[in-house]
$ cat run_8.txt   # compact mmCIF, C-alpha atoms
# COMPACT_ATOMS: atom_id res chain seq x y z
CA PHE D 167 15.83 -13.37 -1.95
CA LEU D 168 16.34 -11.08 -4.96
CA ILE D 169 14.35 -8.35 -3.21
CA LEU D 170 16.42 -8.87 -0.05
CA ILE D 171 19.65 -8.48 -2.04
CA ILE D 172 18.45 -5.28 -3.74
CA LEU D 173 17.30 -3.79 -0.42
CA LEU D 174 20.61 -4.69 1.25
CA GLU D 175 22.63 -3.14 -1.58
CA THR D 176 20.50 0.00 -1.35
CA ILE D 177 21.06 0.26 2.42
CA VAL D 178 24.82 -0.24 2.12
CA PHE D 179 25.18 2.30 -0.69
CA LEU D 180 23.06 5.01 0.97
CA THR D 181 24.80 4.46 4.32
CA ILE D 182 28.28 4.84 2.77
CA ARG D 183 27.07 7.92 0.89
CA THR D 184 25.86 9.49 4.16
CA LEU D 185 29.16 9.02 6.03
CA GLY D 186 30.88 12.36 6.48
CA ASN D 187 27.75 14.44 5.85
CA ASN D 188 27.30 17.36 8.22
CA VAL D 189 23.62 16.67 8.94
CA SER D 190 21.30 16.10 11.86
CA ILE D 191 21.96 12.63 13.30
CA LEU D 192 18.27 12.21 14.20
CA GLN D 193 17.11 13.06 10.66
CA ALA D 194 19.73 10.77 9.14
CA LEU D 195 18.71 7.92 11.47
CA ALA D 196 15.03 8.48 10.62
CA ASP D 197 15.80 8.15 6.90
CA PHE D 198 18.03 5.14 7.59
CA GLU D 199 15.27 3.43 9.60
CA SER D 200 12.78 3.96 6.75
CA VAL D 201 15.00 2.02 4.34
CA VAL D 202 16.14 -0.66 6.83
CA GLN D 203 12.60 -1.52 7.95
CA PRO D 204 11.56 -3.20 4.65
CA PHE D 205 14.76 -5.28 4.70
CA VAL D 206 14.14 -6.41 8.30
CA ILE D 207 10.56 -7.42 7.51
CA MET D 208 11.53 -9.40 4.40
CA PHE D 209 14.46 -11.01 6.25
CA PHE D 210 12.05 -12.04 9.01
CA PHE D 211 9.76 -13.70 6.46
CA SER D 212 12.67 -15.53 4.86
CA LEU D 213 13.60 -17.08 8.22
CA VAL D 214 10.46 -17.42 10.36
CA VAL D 215 7.43 -17.51 8.07
CA PHE D 216 9.43 -19.75 5.75
CA LYS D 217 8.46 -22.68 7.98
CA LEU D 218 4.70 -22.23 7.52
CA SER D 219 2.58 -24.19 5.04
CA LYS D 220 0.58 -22.71 2.16
CA LEU D 221 -2.66 -23.17 4.10
CA LYS D 222 -1.23 -21.45 7.17
CA LEU D 223 0.03 -18.54 5.08
CA GLU D 224 -3.40 -18.19 3.49
CA GLU D 225 -4.92 -18.04 6.98
CA ARG D 226 -2.35 -15.41 8.00
CA LEU D 227 -3.20 -13.31 4.95
CA ILE D 228 -6.92 -13.41 5.74
CA THR D 229 -6.26 -12.59 9.41
CA ALA D 230 -3.94 -9.70 8.53
CA SER D 231 -6.54 -8.32 6.11
CA LYS D 232 -9.30 -8.53 8.72
CA ILE D 233 -7.17 -6.78 11.34
CA LEU D 234 -6.28 -4.01 8.87
CA ILE D 235 -9.94 -3.45 7.98
CA LEU D 236 -10.92 -3.34 11.66
CA MET D 237 -8.19 -0.87 12.60
CA LEU D 238 -8.97 1.41 9.65
CA SER D 239 -12.67 1.32 10.54
CA LEU D 240 -11.80 2.47 14.06
CA ASN D 241 -9.55 5.18 12.61
CA THR D 242 -12.48 6.49 10.55
CA ILE D 243 -14.64 6.70 13.65
CA TRP D 244 -11.83 8.64 15.34
CA SER D 245 -11.63 10.97 12.33
CA ILE D 246 -15.38 11.63 12.58
CA PHE D 247 -14.98 12.45 16.29
CA ASN D 248 -12.35 15.01 15.29
CA ILE D 249 -14.94 16.84 13.18
CA PHE D 250 -17.02 17.62 16.27
CA LEU D 251 -14.43 17.59 19.07
CA ASP D 252 -10.98 19.08 19.60
CA LEU D 253 -8.91 15.95 20.27
CA THR D 254 -5.51 17.51 19.58
CA SER D 255 -4.25 16.71 23.08
CA ILE D 256 -4.67 13.00 22.27
CA ASN D 257 -3.71 13.18 18.61
CA ILE D 258 -0.25 14.59 19.34
CA TYR D 259 0.74 11.23 20.81
CA PHE D 260 0.23 9.77 17.32
CA TRP D 261 1.39 12.78 15.29
CA GLY D 262 4.51 13.49 17.33
CA ALA D 263 3.84 17.22 17.76
CA GLU D 264 0.94 19.64 17.94
CA GLU D 265 2.21 21.57 14.92
CA SER D 266 2.24 18.72 12.41
CA VAL D 267 1.17 18.12 8.84
CA ALA D 268 -2.08 16.61 10.13
CA THR D 269 -2.82 19.75 12.15
CA ARG D 270 -2.37 22.00 9.12
CA ALA D 271 -4.42 19.62 6.96
CA MET D 272 -7.33 19.80 9.43
CA THR D 273 -7.65 23.53 8.75
CA ASN D 274 -8.69 22.54 5.22
CA GLY D 275 -11.13 19.93 6.51
CA ARG D 276 -8.79 16.99 5.85
CA TYR D 277 -9.06 14.48 8.68
CA SER D 278 -6.62 11.55 8.79
CA GLY D 279 -7.20 10.16 12.30
CA ILE D 280 -4.01 8.88 13.92
CA PHE D 281 -1.98 9.34 10.73
CA ASN D 282 0.35 12.32 10.61
CA GLN D 283 -0.34 13.05 6.94
CA PRO D 284 -3.36 12.66 4.66
CA MET D 285 -0.95 10.92 2.28
CA GLU D 286 -0.31 8.21 4.89
CA ALA D 287 -4.02 7.80 5.57
CA GLY D 288 -4.84 7.60 1.86
CA ALA D 289 -2.21 4.93 1.20
CA MET D 290 -3.34 2.86 4.20
CA TYR D 291 -7.04 3.10 3.30
CA SER D 292 -6.12 2.03 -0.25
CA LEU D 293 -4.42 -1.07 1.16
CA GLY D 294 -7.55 -1.64 3.25
CA LEU D 295 -9.76 -1.63 0.16
CA LEU D 296 -7.48 -4.13 -1.60
CA SER D 297 -7.54 -6.33 1.51
CA TRP D 298 -11.35 -6.18 1.45
CA ILE D 299 -11.36 -7.33 -2.18
CA TYR D 300 -9.12 -10.24 -1.19
CA ILE D 301 -11.36 -11.30 1.70
CA SER D 302 -14.48 -11.05 -0.47
CA GLU D 303 -13.03 -13.78 -2.70
CA LYS D 304 -11.98 -16.03 0.17
CA ILE D 305 -15.29 -16.17 2.07
CA ASN D 306 -18.58 -17.59 0.85
CA VAL D 307 -20.86 -14.90 2.30
CA ILE D 308 -19.92 -11.23 2.75
CA LYS D 309 -21.19 -10.55 6.25
CA PHE D 310 -22.75 -7.29 7.37
CA LYS D 311 -19.66 -6.38 9.44
CA TYR D 312 -17.50 -6.46 6.30
CA ILE D 313 -19.94 -4.18 4.48
CA ILE D 314 -19.80 -1.72 7.37
CA GLY D 315 -16.00 -1.97 7.38
CA LEU D 316 -15.90 -1.22 3.65
CA PHE D 317 -18.01 1.91 3.92
CA LEU D 318 -16.09 3.14 6.96
CA MET D 319 -12.84 2.80 5.00
CA ILE D 320 -14.31 4.67 2.04
CA ILE D 321 -15.56 7.44 4.33
CA GLY D 322 -12.17 7.60 6.07
CA GLY D 323 -10.33 7.84 2.78
CA ILE D 324 -12.64 10.61 1.57
CA LEU D 325 -12.25 12.56 4.83
CA SER D 326 -8.47 12.54 4.33
CA VAL D 327 -8.91 13.97 0.80
CA SER D 328 -5.83 12.02 -0.23
CA LYS D 329 -5.11 11.82 -3.96
CA VAL D 330 -3.54 8.40 -3.40
CA PHE D 331 -6.92 7.16 -2.17
CA LEU D 332 -9.26 9.13 -4.45
CA PHE D 333 -7.45 8.31 -7.69
CA GLY D 334 -5.51 5.20 -6.68
CA GLY D 335 -7.31 3.21 -4.02
CA ILE D 336 -10.85 3.80 -5.32
CA GLY D 337 -9.83 3.04 -8.91
CA LEU D 338 -8.06 -0.19 -7.97
CA PHE D 339 -11.02 -1.19 -5.79
CA ILE D 340 -13.35 -0.85 -8.80
CA ILE D 341 -10.95 -2.95 -10.90
CA GLY D 342 -10.88 -5.55 -8.13
CA VAL D 343 -14.68 -5.70 -8.05
CA PHE D 344 -14.82 -6.37 -11.79
CA LEU D 345 -12.15 -9.07 -11.48
CA ASN D 346 -14.13 -10.81 -8.75
CA LYS D 347 -15.52 -14.22 -9.76
CA ARG D 348 -18.89 -13.24 -8.23
CA ILE D 349 -18.94 -9.86 -9.94
CA TRP D 350 -22.68 -9.39 -10.52
CA LYS D 351 -23.65 -10.58 -7.06
CA MET D 352 -21.10 -8.18 -5.57
CA ILE D 353 -22.24 -5.24 -7.72
CA VAL D 354 -25.88 -5.74 -6.76
CA SER D 355 -24.95 -6.09 -3.09
CA LEU D 356 -22.72 -3.00 -3.06
CA THR D 357 -25.33 -0.96 -4.96
CA ILE D 358 -28.04 -1.76 -2.41
CA TRP D 359 -25.78 -1.00 0.54
CA SER D 360 -24.53 2.18 -1.14
CA ILE D 361 -28.10 3.46 -1.26
CA LEU D 362 -28.85 2.46 2.34
CA ILE D 363 -25.59 3.68 3.89
CA GLY D 364 -24.23 6.09 1.30
CA THR D 365 -27.26 8.40 1.09
CA PRO D 366 -27.40 9.43 4.78
CA THR D 367 -23.58 9.61 4.85
CA TYR D 368 -23.61 11.96 1.86
CA TYR D 369 -26.03 14.38 3.51
CA PHE D 370 -24.06 14.21 6.74
CA LEU D 371 -20.82 15.13 4.97
CA ILE D 372 -22.42 17.95 3.00
CA GLN D 373 -23.80 19.60 6.13
CA LYS D 374 -21.11 18.90 8.76
CA TRP D 375 -17.80 18.40 6.95
CA SER D 376 -15.71 21.48 6.16
CA GLY D 377 -13.57 19.65 3.62
CA VAL D 378 -16.22 19.42 0.90
CA LYS D 379 -14.93 22.53 -0.86
CA TYR D 380 -11.37 21.19 -0.80
CA LEU D 381 -12.56 17.88 -2.24
CA THR D 382 -14.60 19.42 -5.06
CA ARG D 383 -11.52 21.26 -6.37
CA PHE D 384 -10.50 18.06 -8.10
CA PHE D 385 -13.56 18.26 -10.31
CA ASP D 386 -12.91 21.84 -11.45
CA ILE D 387 -11.77 21.39 -15.06
CA SER D 388 -10.73 25.06 -15.37
CA GLN D 389 -7.60 24.44 -13.26
CA ASP D 390 -4.27 22.86 -14.23
CA LEU D 391 -5.24 19.23 -13.64
CA LEU D 392 -1.69 17.87 -13.29
CA MET D 393 -0.70 20.56 -10.77
CA LEU D 394 -3.95 20.07 -8.87
CA LEU D 395 -3.83 16.27 -8.66
CA THR D 396 -0.21 16.29 -7.52
CA SER D 397 -0.58 19.35 -5.22
CA GLY D 398 2.04 21.23 -7.22
CA ARG D 399 4.55 18.35 -7.17
CA PHE D 400 4.57 18.03 -10.97
CA GLY D 401 3.86 20.35 -13.85
CA GLU D 402 5.46 23.60 -15.00
CA ASN D 403 7.69 25.17 -12.30
CA SER D 404 6.62 22.42 -9.92
CA GLN D 405 8.13 21.54 -6.56
CA GLN D 406 9.48 18.15 -7.67
CA LEU D 407 11.09 19.64 -10.77
CA ARG D 408 12.97 22.18 -8.64
CA LEU D 409 14.07 19.49 -6.16
CA PHE D 410 15.29 17.20 -8.94
CA GLU D 411 17.18 20.08 -10.55
CA GLU D 412 18.88 20.96 -7.25
CA VAL D 413 20.17 17.43 -6.71
CA TRP D 414 21.12 17.15 -10.37
CA ARG D 415 23.29 20.28 -10.12
CA ASN D 416 25.08 19.16 -6.95
CA ASN D 417 25.28 15.33 -6.84
CA PRO D 418 23.53 13.73 -9.82
CA LEU D 419 25.26 10.37 -9.52
CA ILE D 420 25.27 9.67 -5.76
CA GLY D 421 22.74 12.19 -4.35
CA SER D 422 22.93 13.89 -0.96
CA GLY D 423 22.74 10.96 1.47
CA PHE D 424 20.44 10.54 4.47
CA GLY D 425 19.29 13.56 6.45
CA VAL D 426 19.85 16.27 3.82
CA GLN D 427 16.52 16.36 2.01
CA THR D 428 13.50 17.41 4.09
CA VAL D 429 10.74 16.93 1.50
CA TYR D 430 9.96 13.47 0.13
CA ASP D 431 6.70 13.87 -1.77
CA SER D 432 7.63 11.22 -4.31
CA GLY D 433 9.09 7.73 -4.12
CA PHE D 434 11.27 8.51 -7.11
CA PHE D 435 12.68 11.66 -5.53
CA TYR D 436 13.23 9.90 -2.18
CA PHE D 437 15.78 7.57 -3.76
CA PHE D 438 17.13 10.13 -6.23
CA GLY D 439 17.56 12.78 -3.53
CA ASN D 440 19.34 10.38 -1.17
CA GLY D 441 21.27 8.31 -3.69
CA GLY D 442 21.26 10.13 -7.05
CA LEU D 443 21.01 8.08 -10.23
CA ILE D 444 22.45 5.04 -8.45
CA GLY D 445 19.81 5.21 -5.71
CA LEU D 446 17.06 5.79 -8.26
CA SER D 447 18.30 2.76 -10.23
CA PHE D 448 17.92 0.58 -7.12
CA TYR D 449 14.36 1.86 -6.67
CA LEU D 450 13.45 1.20 -10.30
CA LEU D 451 14.98 -2.27 -9.99
CA ILE D 452 12.70 -2.99 -7.00
CA LEU D 453 9.63 -1.82 -8.97
CA ILE D 454 10.65 -3.88 -12.02
CA THR D 455 11.14 -6.94 -9.78
CA PHE D 456 7.60 -6.53 -8.43
CA VAL D 457 6.18 -6.22 -11.96
CA VAL D 458 8.08 -9.31 -13.17
CA LEU D 459 6.91 -11.29 -10.13
CA SER D 460 3.32 -10.21 -10.73
CA ILE D 461 3.41 -11.33 -14.37
CA HIS D 462 5.11 -14.59 -13.39
CA TYR D 463 2.50 -15.37 -10.72
CA ILE D 464 -0.40 -14.65 -13.09
CA ASN D 465 1.08 -16.87 -15.81
CA LYS D 466 1.81 -19.70 -13.37
CA TYR D 467 -1.16 -19.58 -10.99
CA ARG D 468 -3.75 -17.69 -13.09
CA LEU D 469 -5.90 -14.92 -11.62
CA ASN D 470 -6.69 -16.43 -8.24
CA ALA D 471 -7.39 -14.26 -5.18
CA GLU D 472 -3.71 -14.05 -4.21
CA THR D 473 -2.38 -13.09 -7.64
CA LYS D 474 -5.03 -10.37 -7.93
CA PHE D 475 -4.13 -9.08 -4.47
CA PHE D 476 -0.42 -8.98 -5.25
CA THR D 477 -0.92 -7.37 -8.68
CA LEU D 478 -3.21 -4.65 -7.32
CA ILE D 479 -0.67 -3.88 -4.58
CA VAL D 480 2.11 -3.59 -7.19
CA ILE D 481 -0.01 -1.17 -9.26
CA LEU D 482 -0.72 0.85 -6.10
CA ILE D 483 3.01 1.03 -5.28
CA ILE D 484 3.94 2.27 -8.76
CA ALA D 485 1.05 4.77 -9.03
CA SER D 486 1.53 6.08 -5.48
CA SER D 487 5.26 6.60 -6.04
CA ILE D 488 4.40 9.73 -8.01
CA GLY D 489 3.11 11.44 -4.87
CA ALA D 490 4.50 9.43 -1.95
CA PRO D 491 7.53 7.26 -1.04
CA ILE D 492 5.11 4.45 -0.22
CA LEU D 493 7.77 1.73 0.19
CA THR D 494 9.40 3.72 3.00
CA LEU D 495 6.42 5.78 4.21
CA ASN D 496 5.96 5.99 7.98
CA ARG D 497 3.46 3.43 9.34
CA VAL D 498 2.29 2.47 5.83
CA SER D 499 5.47 0.65 4.80
CA THR D 500 5.23 -1.81 7.71
CA VAL D 501 1.77 -3.01 6.69
CA LEU D 502 2.66 -2.94 3.00
CA TRP D 503 5.80 -5.08 3.39
CA VAL D 504 4.07 -7.54 5.72
CA LEU D 505 1.42 -8.14 3.04
CA ILE D 506 4.09 -8.45 0.35
CA GLY D 507 6.09 -10.89 2.49
CA LEU D 508 3.07 -13.08 3.19
CA LEU D 509 2.07 -13.15 -0.48
CA ILE D 510 5.56 -13.98 -1.78
CA GLN D 511 5.88 -16.80 0.77
CA TYR D 512 2.42 -18.03 -0.18
CA PHE D 513 3.42 -18.29 -3.84
CA TYR D 514 6.64 -20.07 -2.87
CA TYR D 515 4.69 -22.79 -1.07
CA PHE D 516 2.15 -22.88 -3.88
CA LYS D 517 5.04 -23.75 -6.21
CA ILE D 518 6.35 -26.41 -3.80
CA GLU D 519 2.92 -28.05 -3.57
CA LEU D 520 2.57 -28.05 -7.36
CA ILE D 521 5.97 -29.71 -7.70
CA ASP D 522 5.07 -32.29 -5.04
CA SER D 523 1.72 -32.92 -6.71
CA LYS D 524 3.35 -33.49 -10.10
CA SER D 525 5.95 -35.79 -8.54
CA LEU D 526 3.21 -37.79 -6.83
CA MET D 527 1.23 -38.12 -10.06
CA SER D 528 4.36 -39.20 -11.90
CA GLN D 529 5.07 -41.80 -9.21
CA VAL D 530 1.50 -43.14 -9.42
CA VAL D 531 1.71 -43.46 -13.21
CA THR D 532 5.11 -45.20 -12.92
CA ASP D 533 3.78 -47.63 -10.31
CA LYS D 534 0.78 -48.47 -12.48
CA LEU D 535 2.99 -49.09 -15.52
CA ASN D 536 5.33 -51.29 -13.46
CA GLY D 537 2.31 -53.19 -12.11
CA THR D 538 0.99 -53.75 -15.62
CA VAL D 539 4.36 -55.06 -16.84
CA SER D 540 4.69 -57.41 -13.85
CA ALA D 541 1.19 -58.81 -14.42
CA LYS D 542 1.99 -59.56 -18.01

$ encode --input "run_8.txt" --output "structure tokens"
Amino acid sequence: FLILIILLETIVFLTIRTLGNNVSILQALADFESVVQPFVIMFFFSLVVFKLSKLKLEERLITASKILILMLSLNTIWSIFNIFLDLTSINIYFWGAEESVATRAMTNGRYSGIFNQPMEAGAMYSLGLLSWIYISEKINVIKFKYIIGLFLMIIGGILSVSKVFLFGGIGLFIIGVFLNKRIWKMIVSLTIWSILIGTPTYYFLIQKWSGVKYLTRFFDISQDLLMLLTSGRFGENSQQLRLFEEVWRNNPLIGSGFGVQTVYDSGFFYFFGNGGLIGLSFYLLILITFVVLSIHYINKYRLNAETKFFTLIVILIIASSIGAPILTLNRVSTVLWVLIGLLIQYFYYFKIELIDSKSLMSQVVTDKLNGTVSAK
């Protein structure tokens, strides 16, 4: 409910700030929809999913993770088709226009499938890897189909050449593997499959994929690493610095409102550009709430599969915010908030069951003591 309140306050403030702006109605509505969508999803969970049990929510989490992995695997296959075939006539139905970010990215060998931006694809594939880690802890045997799904997601993320995936998703996946209770079994299994599947995939990419050169730039230590990793968003004379300075000169406290800014390459700038310091404060409050919840869940429920999943998602949100407004990012935010909603509801029912269990134990002890006294 705290997250709902913060989101509602953010929506109300940004909407009031936008009133009277001489901007494109369509652009303003698009920005408005991006902020409203998380609130609607969380409100839905507070009303509908609230009636499910802990076991049912756990099943929903596993099902959602499986669906995400399947859909991302199919997206990777579609991305591979795009390497060999011109599928632009079909892709525009997903991208919205022929001249899109995805079209320009493909000229550099960056293939994102149905996603309009490599950034979107990278964030979604990162969520897919975290979902895979979650499933690996919930099932006894990692079946072959899950191994194939894992490698397809890794290939898809690499083909997008997204920094969110390469330096966020992959890193968090490795952390998740080492936090797994069956760590050594998983490492041996992934090593064997990496050799069997990874080797032919590597040679395929080297020979057929035009994005290899673009990818290897990140390993060129002679370049400005900060500028390179953030695509010029941060660093000396960077894009984000100029955008922040522009808003700071004009409306530092309340920002520009919806529909004014056209570039949102950072979660922090998204809220600062639209709502100034007040909007940025709301965003930071949301991030702090997530961090506090994560720490609370770990302390209360230890590092079980769900607390790991939630904590890794929180880290991904904070890290990705440097290069993407991930909480409001097209397509990605829907999946992200659904997972967050399911996890928060799961922990709520976990707490209820713990309270009921303690009450039951207390009642049993009381009954035994009363029985002992009566016997005497």

$ atom_distance --input "run_8.txt" --atom1 "CA of Phe205 in chain D" --atom2 "CA of Tyr449 in chain D"
13.4 Å

$ closest_residue --input "run_8.txt" --among "D:Ile506, D:Ile246, D:Asn496, D:Lys351" --to "Trp261 in chain D" --atoms "all atoms listed in the file"
D:Asn496

$ closest_residue --input "run_8.txt" --among "D:Gly442, D:Val178, D:Asp197, D:Tyr300" --to "Arg415 in chain D" --atoms "all atoms listed in the file"
D:Gly442

$ atom_distance --input "run_8.txt" --atom1 "CA of Phe456 in chain D" --atom2 "CA of Phe476 in chain D"
9.0 Å

$ closest_residue --input "run_8.txt" --among "D:Leu495, D:Met319, D:Leu227, D:Ile420" --to "Ile182 in chain D" --atoms "all atoms listed in the file"
D:Ile420

$ residues_near_point --input "run_8.txt" --point "(-8.2, 23.2, 8.7)" --cutoff "12 Å" --atoms "only C-alpha atoms" --output "list in words"
Asn248, Ile249, Asp252, Ser266, Val267, Ala268, Thr269, Arg270, Ala271, Met272, Thr273, Asn274, Gly275, Arg276, Tyr277, Ser278, Ser326, Trp375, Ser376, Gly377, Val378, Lys379 and Tyr380 of chain D

$ residues_around --input "run_8.txt" --residues "Leu478 in chain D" --least-positions-apart "3" --cutoff "9 Å" --atoms "all atoms listed in the file" --output "PyMOL selection string"
chain D and resi 296+338-339+341-342+473-475+481-483

$ closest_residue --input "run_8.txt" --among "D:Leu316, D:Val426, D:Ile301, D:Ile518" --to "Arg183 in chain D" --atoms "all atoms listed in the file"
D:Val426

$ atom_distance --input "run_8.txt" --atom1 "CA of Leu195 in chain D" --atom2 "CA of Phe331 in chain D"
29.0 Å

$ build_atoms --input "run_8.txt" --residues "range 359-374 of chain D" --atoms "N, CA, C and O atoms" --output "PDB file, in the frame of the given file"
ATOM      1  N   TRP D 359     -26.345  -1.567  -0.685  1.00  0.00           N
ATOM      2  CA  TRP D 359     -25.780  -1.000   0.540  1.00  0.00           C
ATOM      3  C   TRP D 359     -25.322   0.432   0.347  1.00  0.00           C
ATOM      4  O   TRP D 359     -25.352   1.232   1.297  1.00  0.00           O
ATOM      5  N   SER D 360     -24.920   0.788  -0.855  1.00  0.00           N
ATOM      6  CA  SER D 360     -24.530   2.180  -1.140  1.00  0.00           C
ATOM      7  C   SER D 360     -25.717   3.118  -0.969  1.00  0.00           C
ATOM      8  O   SER D 360     -25.582   4.238  -0.455  1.00  0.00           O
ATOM      9  N   ILE D 361     -26.880   2.647  -1.400  1.00  0.00           N
ATOM     10  CA  ILE D 361     -28.100   3.460  -1.260  1.00  0.00           C
ATOM     11  C   ILE D 361     -28.483   3.585   0.213  1.00  0.00           C
ATOM     12  O   ILE D 361     -28.808   4.680   0.694  1.00  0.00           O
ATOM     13  N   LEU D 362     -28.413   2.463   0.936  1.00  0.00           N
ATOM     14  CA  LEU D 362     -28.850   2.460   2.340  1.00  0.00           C
ATOM     15  C   LEU D 362     -27.895   3.219   3.257  1.00  0.00           C
ATOM     16  O   LEU D 362     -28.321   3.952   4.155  1.00  0.00           O
ATOM     17  N   ILE D 363     -26.585   3.047   3.020  1.00  0.00           N
ATOM     18  CA  ILE D 363     -25.590   3.680   3.890  1.00  0.00           C
ATOM     19  C   ILE D 363     -25.042   4.965   3.284  1.00  0.00           C
ATOM     20  O   ILE D 363     -24.817   5.956   3.981  1.00  0.00           O
ATOM     21  N   GLY D 364     -24.851   4.949   1.967  1.00  0.00           N
ATOM     22  CA  GLY D 364     -24.230   6.090   1.300  1.00  0.00           C
ATOM     23  C   GLY D 364     -25.070   7.351   1.311  1.00  0.00           C
ATOM     24  O   GLY D 364     -24.539   8.458   1.456  1.00  0.00           O
ATOM     25  N   THR D 365     -26.389   7.209   1.170  1.00  0.00           N
ATOM     26  CA  THR D 365     -27.260   8.400   1.090  1.00  0.00           C
ATOM     27  C   THR D 365     -27.222   9.225   2.376  1.00  0.00           C
ATOM     28  O   THR D 365     -26.946  10.434   2.319  1.00  0.00           O
ATOM     29  N   PRO D 366     -27.481   8.619   3.557  1.00  0.00           N
ATOM     30  CA  PRO D 366     -27.400   9.430   4.780  1.00  0.00           C
ATOM     31  C   PRO D 366     -25.985   9.961   5.043  1.00  0.00           C
ATOM     32  O   PRO D 366     -25.814  11.064   5.574  1.00  0.00           O
ATOM     33  N   THR D 367     -24.964   9.164   4.659  1.00  0.00           N
ATOM     34  CA  THR D 367     -23.580   9.610   4.850  1.00  0.00           C
ATOM     35  C   THR D 367     -23.291  10.839   3.997  1.00  0.00           C
ATOM     36  O   THR D 367     -22.629  11.789   4.439  1.00  0.00           O
ATOM     37  N   TYR D 368     -23.805  10.834   2.774  1.00  0.00           N
ATOM     38  CA  TYR D 368     -23.610  11.960   1.860  1.00  0.00           C
ATOM     39  C   TYR D 368     -24.179  13.249   2.450  1.00  0.00           C
ATOM     40  O   TYR D 368     -23.513  14.295   2.472  1.00  0.00           O
ATOM     41  N   TYR D 369     -25.400  13.191   2.932  1.00  0.00           N
ATOM     42  CA  TYR D 369     -26.030  14.380   3.510  1.00  0.00           C
ATOM     43  C   TYR D 369     -25.332  14.831   4.787  1.00  0.00           C
ATOM     44  O   TYR D 369     -25.239  16.025   5.078  1.00  0.00           O
ATOM     45  N   PHE D 370     -24.816  13.865   5.528  1.00  0.00           N
ATOM     46  CA  PHE D 370     -24.060  14.210   6.740  1.00  0.00           C
ATOM     47  C   PHE D 370     -22.796  14.983   6.381  1.00  0.00           C
ATOM     48  O   PHE D 370     -22.480  16.016   6.997  1.00  0.00           O
ATOM     49  N   LEU D 371     -22.061  14.481   5.373  1.00  0.00           N
ATOM     50  CA  LEU D 371     -20.820  15.130   4.970  1.00  0.00           C
ATOM     51  C   LEU D 371     -21.067  16.516   4.409  1.00  0.00           C
ATOM     52  O   LEU D 371     -20.318  17.464   4.680  1.00  0.00           O
ATOM     53  N   ILE D 372     -22.107  16.667   3.611  1.00  0.00           N
ATOM     54  CA  ILE D 372     -22.420  17.950   3.000  1.00  0.00           C
ATOM     55  C   ILE D 372     -22.677  19.013   4.069  1.00  0.00           C
ATOM     56  O   ILE D 372     -22.253  20.165   3.957  1.00  0.00           O
ATOM     57  N   GLN D 373     -23.385  18.633   5.109  1.00  0.00           N
ATOM     58  CA  GLN D 373     -23.800  19.600   6.130  1.00  0.00           C
ATOM     59  C   GLN D 373     -22.748  19.821   7.214  1.00  0.00           C
ATOM     60  O   GLN D 373     -22.627  20.924   7.747  1.00  0.00           O
ATOM     61  N   LYS D 374     -21.987  18.802   7.600  1.00  0.00           N
ATOM     62  CA  LYS D 374     -21.110  18.900   8.760  1.00  0.00           C
ATOM     63  C   LYS D 374     -19.619  18.972   8.426  1.00  0.00           C
ATOM     64  O   LYS D 374     -18.817  19.426   9.244  1.00  0.00           O
TER      65      LYS D 374
END
